[in-house]
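Colleague: Provided herewith: run34.csv, CSV, C-alpha atoms.
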chain,number,residue,atom,x,y,z
H,1,MET,CA,75.0,-29.6,-148.9
H,2,TYR,CA,72.9,-29.5,-145.8
H,3,ALA,CA,70.8,-26.5,-144.8
H,4,GLY,CA,72.8,-24.5,-147.4
H,5,GLN,CA,76.2,-25.5,-145.9
H,6,PRO,CA,78.7,-28.1,-147.1
H,7,VAL,CA,78.4,-31.3,-145.1
H,8,GLU,CA,82.2,-31.3,-144.5
H,9,ASP,CA,82.1,-27.8,-143.0
H,10,ARG,CA,79.3,-28.8,-140.6
H,11,GLN,CA,81.2,-31.9,-139.6
H,12,ARG,CA,84.3,-29.8,-139.0
H,13,GLN,CA,82.4,-27.3,-136.9
H,14,ARG,CA,80.7,-30.1,-134.9
H,15,ARG,CA,84.1,-31.8,-134.2
H,16,ALA,CA,85.5,-28.4,-133.1
H,17,ARG,CA,82.6,-27.9,-130.7
H,18,PHE,CA,83.2,-31.3,-129.1
H,19,LEU,CA,86.9,-30.6,-128.8
H,20,GLU,CA,86.2,-27.3,-127.1
H,21,SER,CA,83.7,-28.8,-124.8
H,22,GLY,CA,86.0,-31.7,-124.0
H,23,LEU,CA,88.7,-29.2,-123.0
H,24,THR,CA,86.2,-27.4,-120.7
H,25,VAL,CA,84.8,-30.6,-119.1
H,26,PHE,CA,88.1,-32.4,-118.7
H,27,ALA,CA,89.7,-29.4,-117.1
H,28,ARG,CA,86.7,-28.6,-114.9
H,29,ASP,CA,85.6,-32.0,-113.7
H,30,GLY,CA,88.8,-34.0,-114.3
H,31,TYR,CA,89.1,-36.7,-117.0
H,32,ALA,CA,88.3,-39.5,-114.5
H,33,ASN,CA,85.1,-37.8,-113.4
H,34,SER,CA,83.9,-36.7,-116.8
H,35,SER,CA,81.3,-38.2,-119.0
H,36,VAL,CA,80.2,-38.2,-122.7
H,37,GLY,CA,76.9,-36.8,-121.5
H,38,ALA,CA,78.5,-33.8,-119.8
H,39,ILE,CA,80.6,-33.1,-123.0
H,40,CYS,CA,77.5,-33.3,-125.2
H,41,LYS,CA,75.6,-31.0,-122.9
H,42,ASP,CA,78.3,-28.5,-122.9
H,43,ALA,CA,78.6,-28.7,-126.7
H,44,GLY,CA,74.8,-28.6,-127.2
H,45,LEU,CA,75.0,-31.7,-129.3
H,46,SER,CA,73.7,-35.3,-129.0
H,47,SER,CA,75.6,-38.4,-128.0
H,48,ARG,CA,74.8,-39.9,-131.4
H,49,GLN,CA,76.7,-37.0,-133.0
H,50,PHE,CA,79.6,-37.5,-130.5
H,51,TYR,CA,80.0,-41.1,-131.4
H,52,GLU,CA,80.0,-40.2,-135.1
H,53,GLU,CA,83.2,-38.3,-134.4
H,54,PHE,CA,84.9,-40.1,-131.6
H,55,THR,CA,85.0,-43.7,-130.2
H,56,GLY,CA,84.7,-42.4,-126.6
H,57,ARG,CA,86.2,-40.0,-124.1
H,58,GLU,CA,89.7,-41.5,-124.5
H,59,SER,CA,89.9,-40.7,-128.3
H,60,LEU,CA,88.7,-37.2,-127.6
H,61,LEU,CA,91.4,-36.7,-124.9
H,62,LEU,CA,94.1,-38.1,-127.2
H,63,GLU,CA,93.1,-35.7,-130.0
H,64,LEU,CA,93.0,-32.7,-127.6
H,65,TYR,CA,96.4,-33.7,-126.1
H,66,GLU,CA,98.0,-34.1,-129.5
H,67,GLN,CA,96.6,-30.7,-130.6
H,68,ILE,CA,97.8,-28.8,-127.5
H,69,ASP,CA,101.2,-30.5,-127.5
H,70,ARG,CA,101.8,-30.0,-131.3
H,71,GLU,CA,100.9,-26.3,-131.1
H,72,SER,CA,103.2,-25.7,-128.1
H,73,ARG,CA,106.1,-27.7,-129.6
H,74,ASP,CA,105.7,-26.0,-132.9
H,75,ALA,CA,105.9,-22.6,-131.1
H,76,VAL,CA,109.0,-23.6,-129.3
H,77,SER,CA,110.7,-25.1,-132.4
H,78,ALA,CA,110.0,-22.0,-134.4
H,79,THR,CA,111.4,-19.8,-131.6
H,80,ILE,CA,114.6,-21.8,-131.3
H,81,ALA,CA,115.1,-21.8,-135.1
H,82,GLU,CA,114.5,-18.0,-135.4
H,83,ARG,CA,117.1,-17.3,-132.7
H,84,SER,CA,119.7,-19.9,-133.7
H,85,ASP,CA,122.5,-17.3,-133.6
H,86,ALA,CA,121.4,-15.8,-130.2
H,87,ALA,CA,123.0,-16.5,-126.9
H,88,ALA,CA,121.8,-19.6,-125.0
H,89,ILE,CA,120.1,-17.5,-122.3
H,90,ASP,CA,118.2,-15.4,-124.8
H,91,ILE,CA,117.0,-18.6,-126.6
H,92,ILE,CA,115.9,-20.1,-123.3
H,93,ASP,CA,113.9,-17.0,-122.4
H,94,ALA,CA,112.2,-16.8,-125.8
H,95,ALA,CA,111.5,-20.6,-125.9
H,96,VAL,CA,110.0,-20.6,-122.4
H,97,ARG,CA,107.9,-17.6,-123.2
H,98,ALA,CA,106.6,-19.3,-126.4
H,99,TYR,CA,105.8,-22.4,-124.5
H,100,ILE,CA,103.9,-20.7,-121.6
H,101,GLU,CA,102.0,-18.4,-124.0
H,102,SER,CA,100.9,-21.5,-126.1
H,103,ILE,CA,100.0,-23.9,-123.3
H,104,GLY,CA,99.7,-21.8,-120.1
H,105,ARG,CA,97.5,-18.8,-121.0
H,106,ASP,CA,94.5,-21.0,-121.2
H,107,PRO,CA,94.4,-22.9,-117.9
H,108,ARG,CA,92.2,-25.6,-119.5
H,109,LYS,CA,95.0,-26.5,-121.9
H,110,ALA,CA,97.6,-26.6,-119.1
H,111,ARG,CA,95.3,-28.7,-116.9
H,112,VAL,CA,94.5,-31.3,-119.6
H,113,ALA,CA,97.9,-31.6,-121.2
H,114,LEU,CA,100.0,-31.5,-118.0
H,115,VAL,CA,97.7,-33.1,-115.4
H,116,GLU,CA,94.7,-35.0,-116.7
H,117,VAL,CA,96.6,-37.1,-119.2
H,118,VAL,CA,98.7,-38.6,-116.4
H,119,GLY,CA,97.2,-41.9,-115.4
H,120,ALA,CA,94.3,-41.7,-117.9
H,121,GLY,CA,95.0,-45.2,-119.2
H,122,PRO,CA,97.6,-47.3,-121.0
H,123,LYS,CA,97.0,-45.9,-124.4
H,124,VAL,CA,97.2,-42.3,-123.2
H,125,GLU,CA,100.3,-43.0,-121.1
H,126,LYS,CA,102.0,-44.6,-124.1
H,127,PHE,CA,101.2,-41.5,-126.2
H,128,ARG,CA,102.3,-39.2,-123.4
H,129,LEU,CA,105.7,-40.9,-123.3
H,130,GLU,CA,106.1,-40.7,-127.0
H,131,LEU,CA,105.5,-36.9,-126.9
H,132,ARG,CA,107.9,-36.6,-124.0
H,133,ARG,CA,110.6,-38.3,-126.1
H,134,ALA,CA,109.9,-35.8,-128.9
H,135,TRP,CA,110.3,-32.9,-126.4
H,136,GLY,CA,113.5,-34.5,-125.1
H,137,ALA,CA,114.9,-34.8,-128.6
H,138,LEU,CA,114.1,-31.1,-129.3
H,139,LEU,CA,115.6,-29.8,-126.1
H,140,ALA,CA,118.7,-32.1,-126.3
H,141,SER,CA,119.4,-30.8,-129.8
H,142,ALA,CA,119.2,-27.2,-128.6
H,143,ALA,CA,121.5,-28.0,-125.7
H,144,GLU,CA,124.0,-29.7,-128.1
H,145,ASP,CA,124.0,-26.6,-130.3
H,146,ALA,CA,124.7,-24.4,-127.3
H,147,ALA,CA,127.6,-26.8,-126.3
H,148,MET,CA,129.0,-26.6,-129.8
H,149,HIS,CA,129.2,-22.8,-129.4
H,150,GLY,CA,130.9,-23.2,-126.1
H,151,GLU,CA,128.1,-21.7,-124.0
H,152,ILE,CA,127.6,-24.8,-121.9
H,153,PRO,CA,129.8,-27.9,-121.3
H,154,PRO,CA,129.3,-30.9,-123.6
H,155,GLY,CA,127.6,-33.9,-122.0
H,156,ASP,CA,124.8,-36.4,-122.1
H,157,TYR,CA,121.6,-34.4,-122.0
H,158,GLU,CA,119.1,-37.2,-121.9
H,159,MET,CA,118.5,-37.3,-118.2
H,160,ARG,CA,118.9,-33.5,-117.9
H,161,VAL,CA,116.2,-32.7,-120.3
H,162,LEU,CA,113.8,-35.0,-118.5
H,163,ALA,CA,114.4,-33.0,-115.4
H,164,ILE,CA,113.9,-29.8,-117.3
H,165,ILE,CA,110.6,-31.0,-118.8
H,166,GLY,CA,109.3,-32.0,-115.4
H,167,ALA,CA,110.3,-28.8,-113.7
H,168,VAL,CA,108.9,-26.6,-116.5
H,169,ASN,CA,105.6,-28.4,-116.7
H,170,TYR,CA,105.1,-28.3,-112.9
H,171,VAL,CA,105.8,-24.5,-112.8
H,172,VAL,CA,103.6,-23.8,-115.8
H,173,ASP,CA,100.7,-25.7,-114.4
H,174,ALA,CA,101.0,-23.9,-111.1
H,175,TRP,CA,101.3,-20.5,-112.8
H,176,SER,CA,98.4,-21.2,-115.2
H,177,GLY,CA,96.0,-22.0,-112.4
H,178,SER,CA,97.1,-19.2,-110.0
H,179,ASP,CA,94.8,-16.3,-109.3
H,180,PRO,CA,96.3,-13.8,-109.5
H,181,ARG,CA,99.1,-15.0,-111.7
H,182,PRO,CA,102.7,-14.0,-110.9
H,183,PRO,CA,104.2,-11.8,-113.6
H,184,LEU,CA,105.3,-13.9,-116.6
H,185,ASP,CA,108.8,-12.4,-116.6
H,186,ASP,CA,109.3,-13.7,-113.0
H,187,VAL,CA,108.3,-17.2,-114.1
H,188,ILE,CA,110.6,-17.1,-117.1
H,189,SER,CA,113.5,-15.9,-114.8
H,190,VAL,CA,112.9,-18.8,-112.4
H,191,LEU,CA,112.8,-21.4,-115.2
H,192,ARG,CA,115.9,-19.9,-116.9
H,193,ARG,CA,117.9,-20.5,-113.8
H,194,ILE,CA,116.6,-24.1,-113.5
H,195,ILE,CA,117.3,-24.9,-117.1
H,196,MET,CA,120.8,-23.3,-117.1
H,197,GLY,CA,121.6,-25.1,-113.9
H,198,ALA,CA,120.5,-28.5,-115.4
H,199,VAL,CA,122.5,-28.1,-118.7
H,200,SER,CA,125.6,-26.4,-117.2
H,201,ALA,CA,126.3,-28.9,-114.4
Rewrite the structure of this file - the entire thing - as structure tokens.
Modeller:
Amino acid sequence: MYAGQPVEDRQRQRRARFLESGLTVFARDGYANSSVGAICKDAGLSSRQFYEEFTGRESLLLELYEQIDRESRDAVSATIAERSDAAAIDIIDAAVRAYIESIGRDPRKARVALVEVVGAGPKVEKFRLELRRAWGALLASAAEDAAMHGEIPPGDYEMRVLAIIGAVNYVVDAWSGSDPRPPLDDVISVLRRIIMGAVSA
């Protein structure tokens, strides 16, 4: 116990504050222009406390990226599973909506996970490619299921899903940072046409 609170709870709260501040600072200043000092100032905590939780900015970025990506991929996976018997277009609409609502509603998340991780260093890039492969496997599996039901032609979806990932992320980043934002339904409609075009060719 410390000040009437379990030490583990205080550590969890402190780590959460650093993650929240890292999200703010990386999105506001850019990862390359950020500093541990700025993150600590935003969190209202000391650099000593920061280094008790993280080895540096890179480890904080990696944890943030993993968290954002996991939440969005879990949301999309659950949506696809819930609608396994629906038409491909309905699944696409629901999955795109789940993704945008998870990663795009908070422009900081979209900025960090879709922009700031690119070129952030070899370790981050390796992790980014690992996560992209995981997304590729998820989307290719969904496309193969649609092909089995005769909704799209069978084929090799590896390159197609890479094109889909790039297009979706570019549009979501642009939408997330827009003021005012276009209606979400309009964004979903655009992405549906892109996705169907890629998997139906």
Colleague: Place a sphere of radius 12 Å on (107.6, -27.0, -126.9) in the file coordinates and name every protein, DNA or RNA residue with an atom inside or on its surface, counting all atoms listed in the file; give the answer as a ChimeraX atom specification.
Modeller: /H:68-80,92,94-104,131-139,142,164-165,168-169
Colleague: Kindly indicate which residue among H:Leu191, H:Ile91, H:Ala120, H:Val199 lies nearest to Asp156 (chain H), using all atoms listed in the file for the distances.
Modeller: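 Of all the options, H:Val199 lies closest to Asp156 (chain H).
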Colleague: May I ask for the distance between CA of Gly166 (chain H) and CA of Glu66 (chain H), given in Å to one decimal place?
Modeller: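 Between CA of Gly166 (chain H) and CA of Glu66 (chain H) the gap works out to 18.2 Å.
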Colleague: Counting all atoms listed in the file, which residues have an atom no more than 12 Å from (121.3, -18.5, -127.0) in the file's coordinates? Please list them as an NGL selection string.
Modeller: :H and (79-95 or 142-152 or 192 or 196)
Colleague: Using 8 Å as the limit and counting all atoms listed in the file, can you tabulate each residue of region 71-172 of chain H that touches region 56-64 of chain H, with its shortest atom-to-atom distance in Å and the two atoms involved, as a tab-separated table?
Modeller:
residue	atom	partner	partner_atom	distance
H:Val117	CA	H:Leu61	CA	7.7
H:Val124	CA	H:Leu62	CA	6.6
H:Phe127	CA	H:Leu62	CA	7.9
Colleague: Could you save those same residues with C-alpha atoms as a PDB file, in the frame of the given file?
Modeller:
ATOM      1  CA  VAL H 117      96.600 -37.100-119.200  1.00  0.00           C
ATOM      2  CA  VAL H 124      97.200 -42.300-123.200  1.00  0.00           C
ATOM      3  CA  PHE H 127     101.200 -41.500-126.200  1.00  0.00           C
TER       4      PHE H 127
END
Colleague: Grab the CA of Arg181 (chain H) to CA of Arg111 (chain H) distance for me, in Å with one decimal place.
Modeller: 15.1 Å
Colleague: Which value, in Å to one decimal, gives the distance between CA of Pro154 (chain H) and CA of Ala198 (chain H)?
Modeller: 12.3 Å
Colleague: Restricted to N, CA, C and O atoms, what does region 86-100 of chain H look like when written out as an mmCIF file, in the first residue's frame?
Modeller:
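Produced file result.cif, reproduced below:
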data_model
loop_
_atom_site.group_PDB
_atom_site.id
_atom_site.type_symbol
_atom_site.label_atom_id
_atom_site.label_comp_id
_atom_site.auth_asym_id
_atom_site.auth_seq_id
_atom_site.Cartn_x
_atom_site.Cartn_y
_atom_site.Cartn_z
ATOM 1 N N ALA H 86 -24.125 -13.011 -43.415
ATOM 2 C CA ALA H 86 -24.639 -11.857 -44.151
ATOM 3 C C ALA H 86 -23.989 -11.769 -45.528
ATOM 4 O O ALA H 86 -22.992 -12.431 -45.822
ATOM 5 N N ALA H 87 -24.556 -10.918 -46.364
ATOM 6 C CA ALA H 87 -23.985 -10.685 -47.693
ATOM 7 C C ALA H 87 -22.653 -9.954 -47.552
ATOM 8 O O ALA H 87 -22.425 -9.219 -46.585
ATOM 9 N N ALA H 88 -21.773 -10.157 -48.535
ATOM 10 C CA ALA H 88 -20.429 -9.581 -48.470
ATOM 11 C C ALA H 88 -20.477 -8.064 -48.315
ATOM 12 O O ALA H 88 -19.709 -7.487 -47.535
ATOM 13 N N ILE H 89 -21.385 -7.400 -49.034
ATOM 14 C CA ILE H 89 -21.469 -5.942 -48.955
ATOM 15 C C ILE H 89 -21.848 -5.499 -47.544
ATOM 16 O O ILE H 89 -21.313 -4.518 -47.016
ATOM 17 N N ASP H 90 -22.765 -6.224 -46.917
ATOM 18 C CA ASP H 90 -23.172 -5.876 -45.549
ATOM 19 C C ASP H 90 -22.022 -6.077 -44.568
ATOM 20 O O ASP H 90 -21.847 -5.287 -43.639
ATOM 21 N N ILE H 91 -21.249 -7.133 -44.768
ATOM 22 C CA ILE H 91 -20.096 -7.388 -43.900
ATOM 23 C C ILE H 91 -19.062 -6.281 -44.076
ATOM 24 O O ILE H 91 -18.498 -5.782 -43.098
ATOM 25 N N ILE H 92 -18.810 -5.891 -45.317
ATOM 26 C CA ILE H 92 -17.839 -4.819 -45.584
ATOM 27 C C ILE H 92 -18.270 -3.530 -44.895
ATOM 28 O O ILE H 92 -17.476 -2.874 -44.216
ATOM 29 N N ASP H 93 -19.528 -3.161 -45.068
ATOM 30 C CA ASP H 93 -20.027 -1.931 -44.448
ATOM 31 C C ASP H 93 -19.851 -1.959 -42.932
ATOM 32 O O ASP H 93 -19.386 -0.989 -42.330
ATOM 33 N N ALA H 94 -20.231 -3.077 -42.319
ATOM 34 C CA ALA H 94 -20.157 -3.189 -40.860
ATOM 35 C C ALA H 94 -18.713 -3.203 -40.381
ATOM 36 O O ALA H 94 -18.374 -2.585 -39.361
ATOM 37 N N ALA H 95 -17.834 -3.898 -41.105
ATOM 38 C CA ALA H 95 -16.430 -3.992 -40.702
ATOM 39 C C ALA H 95 -15.732 -2.645 -40.845
ATOM 40 O O ALA H 95 -14.945 -2.246 -39.971
ATOM 41 N N VAL H 96 -16.008 -1.934 -41.938
ATOM 42 C CA VAL H 96 -15.416 -0.610 -42.132
ATOM 43 C C VAL H 96 -15.894 0.345 -41.039
ATOM 44 O O VAL H 96 -15.110 1.116 -40.477
ATOM 45 N N ARG H 97 -17.180 0.282 -40.716
ATOM 46 C CA ARG H 97 -17.716 1.137 -39.658
ATOM 47 C C ARG H 97 -17.028 0.832 -38.323
ATOM 48 O O ARG H 97 -16.647 1.747 -37.588
ATOM 49 N N ALA H 98 -16.862 -0.455 -38.014
ATOM 50 C CA ALA H 98 -16.213 -0.846 -36.751
ATOM 51 C C ALA H 98 -14.785 -0.331 -36.706
ATOM 52 O O ALA H 98 -14.319 0.152 -35.662
ATOM 53 N N TYR H 99 -14.082 -0.421 -37.828
ATOM 54 C CA TYR H 99 -12.693 0.041 -37.882
ATOM 55 C C TYR H 99 -12.610 1.553 -37.681
ATOM 56 O O TYR H 99 -11.820 2.038 -36.864
ATOM 57 N N ILE H 100 -13.439 2.280 -38.413
ATOM 58 C CA ILE H 100 -13.385 3.740 -38.318
ATOM 59 C C ILE H 100 -13.773 4.198 -36.924
ATOM 60 O O ILE H 100 -13.143 5.104 -36.355
#
